Amino acid sequence: MGEASPVRIVVVTVEDGPGPLGRSTLDSADAVLTPGEATDHAAALEDPSGTCFVAAGVPGLFWFRRCADVVDCPPPSLLVVEDAGLARAATAGPVDEVVWQDALTDPDRFAFRVRNSVEAWADSTHPTVSDFEPLVEHAQDLITVVADDGTIRYANPAVEEILGYDPDEFVGTPVFEYVHPEDRQEVATETEAVLDGSETLVTTNVYRARHADGSWRWLESVSQSEDLTAPVDGYVVSSRDVTERVEREDRLQRERETTENVLESLEDAYFVLDRDGHLQRWNSTVERVLDMPAGEIAGLDVRTVFADVDRARLDEHLAAVTGGETRTIQLDVRTASGTVRPFEFKASPFVVEGEIAGICGIGRDVTEREARAEQLRRTERRFQAVFDDPMSFLGILDTDGRLLDVNERACEFAGVTEDEATGRLFWSLPWWKHSDAEQRRIRSAIERAADGEFVRFKTTNIGVDGGVAHLDTSLRPVVRDDGTVASIIAEGIDISEEVRVNRERELLLDAIQSAARAPDLEAALTETLRTVVANTNVVYGEAWLPDGDELQLQNAWWTEETHLESFGQRSEGFRFSRGEGLPGRVWESARHEWVLELANGTEDSLPRLDEIVRSGLESAVGIPVLGTDGSVLTVLVFLTDTSQGRDERFLELLDTITAHLGAILQRKIVEDELAAEQERQQRLLETSPVGILVVGRDGVLEQENQRARDIFGVDDAETFADAYEREPWRVTPTADGGRQLDNGWFQEVSESGTPIRNAVYVVDRPDGERLWLLVNAAPVGGEKGEVIVSFSDITEQKRHEQAFQNQAERVSVLNRVLRHDLRSHLTVVGGLLDRIAEQSDVPASEVESIRRSLDELEALSHRARRIEAAFESETQTTFDLAALAERAADDLAEDHPDAEVTVTETNAPPVLAHEHLRLVLDNLLENAVVHHDGPDPSVDVSVSRHDETTVRLVVSDDGPGIPESEIELRESRLETALDHSDGLGLWIVRWLVSKSDGELRLEQSENGSRAVVSLPVAPGSK
């Protein structure tokens, strides 16, 4: 108790532990007794006024009532309550004073209530309470009286508030009907212990009870045996709703489990020590680090796992933490295996019920961090070397923005010493004193860098001489291993030159865009002059345009000075020839020229000298604007009103502007030329020797030329489309699978984008005339849309081809008859020759000569048959030309062993040629060997790719060459009675090459002759 008191306190407790009275109340009591012991003690008191009995809750109220029944002079009574209902019931019964449960923590308040109870006891008559109901009628707890058979005999009104039942309906029902099935066994067991126990018992149960709405509520019930509740018939159960408490405890349990899982998942070592430094709790990381089982770790003195040299630091650390501080320390941990690893420990006091019971903490392996720290130290040494760079502004700041270090270059620029600058806030230093905005900007950037952000921006500094330096400034945070920022590196790189270039670039861009947007040439020149005058120290600009042999101004001048407008107006009347005046000289040389002092010039060099001097102009520069071909498109002249030296940078800027301006002016020229070209194309369309049609996307004819009208016989009185609509002519493809041309007018070509190339169509005109047309059609630009169709009248050519075909058929029949008769006669002659050879007086050489002639005639007959078969075939196939040449060369070597034939091949793809292409090789090789005039002919054969679509075969020999007359005859493709070829070989070659869609060229060289054959690459070949 808070003050000394003569009153002795006896606490009556009906359950184990401190219960609602609290540990402090029990510790301050003179005696703590069970209800039975307390009753005996009260009965034995001779003077109850010196003793106050303290009990809690409904059980305490019951005990005070029983004590009043059995003790003649009940002692002073103090009931601890926690709800108003119980307080009202207590004051109506045998209780002298009540005290709220939260007042027990205040010793003075508790002592005051004890004294009040004694004083109230002295003033009272202490009546005996025999009626039970008035005591519990207003209690907030549910009070029930249960008979021995489990029937509810009484329930106070709180049953409706707690479980939702009417008390009258509740009484008379079995109490276990309301207990959750899973909890009934445990509640029944506790109840039997109360009923059957030989001693007075009070039990407490926590179980689920069914609410009237069907839900379940958690109740905490205190049951008391009849020994405590007599004369009540049955046992008393006091219950309160603890649903929120149970749910809270469940959540707390889940949180404990979650905490345990989190601690176990930590890679760091978690531990709890008692105040003496012995391990009480830890996670698995501790076992792994120490390489020790849990049994050896329990109660382990942590001092044993650290080096002896760290003992003093460790003891000081533990003492500080148990004293209430939170500290961090780095120590080397010695594992059971003897290895040593650096760890950083952060420890805090472990508080239980307001008292420091030990130490809890986290230990982290910092082996890698220490390695990085060493690397950082090496980096810092390298950084110091960079820091001393005389070409950059460098400084180091703390996270508050105070300058810790600065290099010499930055100090020299600002005119301060290192000592004057360091220790001060960075934004308050001379580098930024010229601008409050810059200071605010720097301060904001430092705050961002202190949060770990790399900040970069453009800014300006003021030097000690007042000069402005444009800087590319960056603030780079230096981050510790734990992610916090240790310091900030400030760097400034002088970009003044870059800024100046950018400004010039903006001027250039403005000039170019202004000129490009101008509607015409004169406006483009004026806009260029305006941009230059407005952004430089030039006060007047003009543009001179060539007009024949002279330059003229044509109103293309600009000034922002009113007094110079008259100068521009008067200059419009001047003309300059090549080499005359500044504009003429620039026009002639196509190079810029700078006149530094105009007043020192002469009328010959400056024809407008008087006007210039009167206008106050002192220097001038002339710049040519060149076209893509190097010609001068115009001459720009800029004048200033100050005399200054030659500004090379300004000249470079003007050169760049005029280069782009030249492109703009050139584009205008190209546009004019394009318009002229379109006009020429229209004239070409009208004068073209082939018919041309332009067909729209929808298949409607949009344009035709006169030749198309003539071919189709369209009168001048109507259009091509009208004539077709009036009386369509029939257009039929001659090739199998050729595209039909109906009323769509080449619409398929427009829709598919696939062109028609060299297709032959037969046209039957309404007047009965039949035409053959060679047609080409393709979309304009290769895309779907308009289609351009061109066609040539090849009617005469087709008629000649038909006549030639008829003649070829007659020759073929004659060839077969002649070959048959020739073979018959050769057989007869051969037989007669054999008989003649048997006669001894006939020379053998003459017989052999005749036999060779007969063999040659027979070979000629076979050769003619091969030629006829070749001409009768139109089949093309794919050949490996190099391999074919190798085989032909090998066969030639067998017949002519003295000949040397060499075949070379260079990445040649397969070719598509006539199926009898071998005849081309055989005839070219044989011609080169047979017509050679030496004993050892040499022939070179090469096969190579000529371009994407062609493979070239070249046969070269070192013989006498092909006579010029023979080449001319082959080129003409004609053979007359007077000019005919000596053999069939070259004719065969030309015919077969032509049937292979190839080309043949015969050439004379210094060393002999050369035949060049070009053949198409086979489709799909690479």
# chains A, B, ... in the order shown; residues from 1 in each chain; ligands from 1

call {"tool": "closest_atom_pairs", "arguments": {"of": "region 480-584 of chain A", "to": "region 389-401 of chain A", "cutoff": "6 Å", "atoms": "only C-alpha atoms", "output": "CSV"}}
result
residue,atom,partner,partner_atom,distance
A:Ser487,CA,A:Asp398,CA,4.7
A:Ile488,CA,A:Leu397,CA,5.0
A:Ile489,CA,A:Ile396,CA,4.7
A:Ala490,CA,A:Gly395,CA,5.0
A:Glu491,CA,A:Leu394,CA,4.6
A:Gly492,CA,A:Phe393,CA,4.8
A:Ile493,CA,A:Ser392,CA,5.6

call {"tool": "select_by_dssp", "arguments": {"residues": "region 496-542 of chain A", "states": "helix (DSSP H, G or I)", "output": "ChimeraX atom specification"}}
result
/A:496-517,521-535

call {"tool": "write_last_selection", "arguments": {"atoms": "C-alpha atoms", "output": "PDB file, in the first residue's frame"}}
result
ATOM      1  CA  SER A 496      31.101  26.973 -72.729  1.00  0.00           C
ATOM      2  CA  GLU A 497      32.290  26.116 -76.205  1.00  0.00           C
ATOM      3  CA  GLU A 498      29.518  23.569 -76.605  1.00  0.00           C
ATOM      4  CA  VAL A 499      26.915  26.127 -75.491  1.00  0.00           C
ATOM      5  CA  ARG A 500      28.191  28.629 -78.039  1.00  0.00           C
ATOM      6  CA  VAL A 501      28.061  25.980 -80.766  1.00  0.00           C
ATOM      7  CA  ASN A 502      24.529  25.050 -79.759  1.00  0.00           C
ATOM      8  CA  ARG A 503      23.421  28.647 -80.002  1.00  0.00           C
ATOM      9  CA  GLU A 504      24.922  28.886 -83.435  1.00  0.00           C
ATOM     10  CA  ARG A 505      23.195  25.629 -84.310  1.00  0.00           C
ATOM     11  CA  GLU A 506      19.871  27.097 -83.197  1.00  0.00           C
ATOM     12  CA  LEU A 507      20.532  30.107 -85.391  1.00  0.00           C
ATOM     13  CA  LEU A 508      21.346  27.780 -88.256  1.00  0.00           C
ATOM     14  CA  LEU A 509      18.200  25.737 -87.700  1.00  0.00           C
ATOM     15  CA  ASP A 510      16.071  28.868 -87.546  1.00  0.00           C
ATOM     16  CA  ALA A 511      17.554  30.145 -90.785  1.00  0.00           C
ATOM     17  CA  ILE A 512      17.033  26.837 -92.566  1.00  0.00           C
ATOM     18  CA  GLN A 513      13.471  26.355 -91.330  1.00  0.00           C
ATOM     19  CA  SER A 514      12.516  29.931 -92.202  1.00  0.00           C
ATOM     20  CA  ALA A 515      13.871  29.525 -95.706  1.00  0.00           C
ATOM     21  CA  ALA A 516      12.229  26.125 -96.143  1.00  0.00           C
ATOM     22  CA  ARG A 517       8.822  27.484 -95.122  1.00  0.00           C
ATOM     23  CA  LEU A 521      12.761  31.953-103.785  1.00  0.00           C
ATOM     24  CA  GLU A 522      12.676  35.673-102.952  1.00  0.00           C
ATOM     25  CA  ALA A 523      10.891  35.032 -99.630  1.00  0.00           C
ATOM     26  CA  ALA A 524      13.372  32.272 -98.716  1.00  0.00           C
ATOM     27  CA  LEU A 525      16.289  34.644 -99.252  1.00  0.00           C
ATOM     28  CA  THR A 526      14.604  37.416 -97.251  1.00  0.00           C
ATOM     29  CA  GLU A 527      13.915  35.070 -94.318  1.00  0.00           C
ATOM     30  CA  THR A 528      17.540  33.965 -94.293  1.00  0.00           C
ATOM     31  CA  LEU A 529      18.751  37.562 -94.243  1.00  0.00           C
ATOM     32  CA  ARG A 530      16.298  38.438 -91.451  1.00  0.00           C
ATOM     33  CA  THR A 531      17.455  35.533 -89.249  1.00  0.00           C
ATOM     34  CA  VAL A 532      21.147  36.411 -89.591  1.00  0.00           C
ATOM     35  CA  VAL A 533      20.607  40.129 -88.976  1.00  0.00           C
ATOM     36  CA  ALA A 534      18.389  39.476 -85.932  1.00  0.00           C
ATOM     37  CA  ASN A 535      20.822  37.099 -84.211  1.00  0.00           C
TER      38      ASN A 535
END

call {"tool": "residues_around", "arguments": {"residues": "region 954-958 of chain A", "least_positions_apart": "6", "cutoff": "7 Å", "atoms": "only C-alpha atoms", "output": "mmCIF file with all heavy atoms, in the first residue's frame"}}
result
data_model
loop_
_atom_site.group_PDB
_atom_site.id
_atom_site.type_symbol
_atom_site.label_atom_id
_atom_site.label_comp_id
_atom_site.auth_asym_id
_atom_site.auth_seq_id
_atom_site.Cartn_x
_atom_site.Cartn_y
_atom_site.Cartn_z
ATOM 1 N N ALA A 928 37.559 -24.654 -132.917
ATOM 2 C CA ALA A 928 38.830 -24.080 -132.477
ATOM 3 C C ALA A 928 39.996 -25.008 -132.778
ATOM 4 O O ALA A 928 41.102 -24.554 -133.083
ATOM 5 C CB ALA A 928 38.761 -23.796 -130.975
ATOM 6 N N PRO A 937 47.274 -27.360 -130.998
ATOM 7 C CA PRO A 937 46.303 -26.285 -130.684
ATOM 8 C C PRO A 937 46.032 -26.197 -129.172
ATOM 9 O O PRO A 937 46.037 -27.187 -128.472
ATOM 10 C CB PRO A 937 45.047 -26.719 -131.450
ATOM 11 C CG PRO A 937 45.183 -28.194 -131.603
ATOM 12 C CD PRO A 937 46.662 -28.482 -131.750
ATOM 13 N N SER A 938 45.787 -24.975 -128.728
ATOM 14 C CA SER A 938 45.493 -24.731 -127.307
ATOM 15 C C SER A 938 44.162 -23.972 -127.212
ATOM 16 O O SER A 938 43.976 -22.960 -127.896
ATOM 17 C CB SER A 938 46.614 -23.894 -126.675
ATOM 18 O OG SER A 938 46.276 -23.555 -125.344
ATOM 19 N N VAL A 939 43.271 -24.474 -126.352
ATOM 20 C CA VAL A 939 41.934 -23.889 -126.207
ATOM 21 C C VAL A 939 41.671 -23.658 -124.713
ATOM 22 O O VAL A 939 41.892 -24.565 -123.894
ATOM 23 C CB VAL A 939 40.839 -24.806 -126.799
ATOM 24 C CG1 VAL A 939 39.467 -24.133 -126.654
ATOM 25 C CG2 VAL A 939 41.139 -25.120 -128.260
ATOM 26 N N ASP A 940 41.217 -22.448 -124.367
ATOM 27 C CA ASP A 940 40.841 -22.114 -122.978
ATOM 28 C C ASP A 940 39.329 -21.920 -122.915
ATOM 29 O O ASP A 940 38.762 -21.141 -123.703
ATOM 30 C CB ASP A 940 41.539 -20.836 -122.521
ATOM 31 C CG ASP A 940 43.040 -21.036 -122.370
ATOM 32 O OD1 ASP A 940 43.438 -22.142 -121.998
ATOM 33 O OD2 ASP A 940 43.781 -20.062 -122.619
ATOM 34 N N VAL A 941 38.713 -22.618 -121.944
ATOM 35 C CA VAL A 941 37.263 -22.507 -121.721
ATOM 36 C C VAL A 941 37.060 -21.972 -120.301
ATOM 37 O O VAL A 941 37.562 -22.550 -119.339
ATOM 38 C CB VAL A 941 36.550 -23.867 -121.884
ATOM 39 C CG1 VAL A 941 35.037 -23.692 -121.663
ATOM 40 C CG2 VAL A 941 36.842 -24.451 -123.261
ATOM 41 N N SER A 942 36.311 -20.857 -120.177
ATOM 42 C CA SER A 942 36.016 -20.290 -118.844
ATOM 43 C C SER A 942 34.501 -20.153 -118.671
ATOM 44 O O SER A 942 33.803 -19.798 -119.623
ATOM 45 C CB SER A 942 36.694 -18.935 -118.661
ATOM 46 O OG SER A 942 36.120 -17.977 -119.512
ATOM 47 N N VAL A 943 34.055 -20.470 -117.454
ATOM 48 C CA VAL A 943 32.633 -20.345 -117.098
ATOM 49 C C VAL A 943 32.565 -19.470 -115.840
ATOM 50 O O VAL A 943 33.161 -19.814 -114.817
ATOM 51 C CB VAL A 943 31.986 -21.725 -116.818
ATOM 52 C CG1 VAL A 943 30.515 -21.532 -116.431
ATOM 53 C CG2 VAL A 943 32.121 -22.630 -118.039
ATOM 54 N N ASN A 1007 45.885 -13.014 -130.095
ATOM 55 C CA ASN A 1007 46.430 -14.382 -130.070
ATOM 56 C C ASN A 1007 45.544 -15.392 -130.771
ATOM 57 O O ASN A 1007 45.842 -16.583 -130.790
ATOM 58 C CB ASN A 1007 46.603 -14.825 -128.622
ATOM 59 C CG ASN A 1007 47.569 -13.935 -127.876
ATOM 60 O OD1 ASN A 1007 48.552 -13.472 -128.456
ATOM 61 N ND2 ASN A 1007 47.272 -13.675 -126.601
ATOM 62 N N GLY A 1008 44.423 -14.968 -131.319
ATOM 63 C CA GLY A 1008 43.528 -15.922 -131.965
ATOM 64 C C GLY A 1008 42.115 -15.377 -132.000
ATOM 65 O O GLY A 1008 41.886 -14.194 -132.204
ATOM 66 N N SER A 1009 41.153 -16.291 -131.776
ATOM 67 C CA SER A 1009 39.746 -15.897 -131.815
ATOM 68 C C SER A 1009 39.089 -16.250 -130.484
ATOM 69 O O SER A 1009 39.600 -17.043 -129.694
ATOM 70 C CB SER A 1009 39.035 -16.601 -132.973
ATOM 71 O OG SER A 1009 39.110 -18.019 -132.807
ATOM 72 N N ARG A 1010 37.906 -15.640 -130.290
ATOM 73 C CA ARG A 1010 37.193 -15.839 -129.039
ATOM 74 C C ARG A 1010 35.697 -15.835 -129.316
ATOM 75 O O ARG A 1010 35.192 -14.963 -130.006
ATOM 76 C CB ARG A 1010 37.536 -14.725 -128.053
ATOM 77 C CG ARG A 1010 37.284 -15.085 -126.610
ATOM 78 C CD ARG A 1010 37.966 -14.068 -125.711
ATOM 79 N NE ARG A 1010 37.217 -12.823 -125.684
ATOM 80 C CZ ARG A 1010 36.889 -12.169 -124.581
ATOM 81 N NH1 ARG A 1010 37.274 -12.642 -123.412
ATOM 82 N NH2 ARG A 1010 36.227 -11.048 -124.629
ATOM 83 N N ALA A 1011 35.008 -16.870 -128.752
ATOM 84 C CA ALA A 1011 33.544 -16.940 -128.833
ATOM 85 C C ALA A 1011 32.988 -16.735 -127.424
ATOM 86 O O ALA A 1011 33.370 -17.447 -126.496
ATOM 87 C CB ALA A 1011 33.096 -18.282 -129.399
ATOM 88 N N VAL A 1012 32.085 -15.754 -127.281
ATOM 89 C CA VAL A 1012 31.500 -15.425 -125.977
ATOM 90 C C VAL A 1012 30.014 -15.751 -126.023
ATOM 91 O O VAL A 1012 29.276 -15.195 -126.854
ATOM 92 C CB VAL A 1012 31.705 -13.952 -125.620
ATOM 93 C CG1 VAL A 1012 31.091 -13.647 -124.251
ATOM 94 C CG2 VAL A 1012 33.181 -13.599 -125.647
ATOM 95 N N VAL A 1013 29.569 -16.655 -125.157
ATOM 96 C CA VAL A 1013 28.165 -17.075 -125.090
ATOM 97 C C VAL A 1013 27.605 -16.638 -123.732
ATOM 98 O O VAL A 1013 28.161 -16.980 -122.687
ATOM 99 C CB VAL A 1013 28.016 -18.603 -125.262
ATOM 100 C CG1 VAL A 1013 26.541 -19.007 -125.153
ATOM 101 C CG2 VAL A 1013 28.605 -19.038 -126.599
#

call {"tool": "residues_around", "arguments": {"residues": "Gly361 (chain A)", "least_positions_apart": "6", "cutoff": "7 Å", "atoms": "only C-alpha atoms", "output": "list of chain:residue names"}}
result
A:Tyr270, A:Phe271, A:Val272, A:Phe345, A:Lys346, A:Ala347, A:Ser348

call {"tool": "residues_around", "arguments": {"residues": "Ala450 (chain A)", "least_positions_apart": "3", "cutoff": "7 Å", "atoms": "only C-alpha atoms", "output": "list of chain:residue names"}}
result
A:Thr399, A:Ile446, A:Glu447, A:Pro477, A:Val485

call {"tool": "closest_residue", "arguments": {"among": "A:Trp544, A:Ser688, A:Glu344, A:Ala449", "to": "Asp482 (chain A)", "atoms": "only C-alpha atoms"}}
result
A:Glu344

call {"tool": "atom_distance", "arguments": {"atom1": "CA of Pro733 (chain A)", "atom2": "CA of Ile756 (chain A)"}}
result
11.5 Å

call {"tool": "residues_around", "arguments": {"residues": "Leu684 (chain A)", "least_positions_apart": "6", "cutoff": "12 Å", "atoms": "only C-alpha atoms", "output": "PyMOL selection string"}}
result
chain A and resi 677-678+690-692+705-707

call {"tool": "write_last_selection", "arguments": {"atoms": "C-alpha atoms", "output": "PDB file, in the first residue's frame"}}
result
ATOM      1  CA  GLU A 677      10.318  16.963-117.622  1.00  0.00           C
ATOM      2  CA  GLN A 678       6.666  16.155-117.147  1.00  0.00           C
ATOM      3  CA  VAL A 690       4.364   2.301-129.748  1.00  0.00           C
ATOM      4  CA  GLY A 691       0.829   2.482-128.474  1.00  0.00           C
ATOM      5  CA  ILE A 692       0.514   3.577-124.829  1.00  0.00           C
ATOM      6  CA  ASN A 705      -1.652   8.277-127.275  1.00  0.00           C
ATOM      7  CA  GLN A 706      -2.171   8.739-130.983  1.00  0.00           C
ATOM      8  CA  ARG A 707      -0.219   5.615-131.917  1.00  0.00           C
TER       9      ARG A 707
END
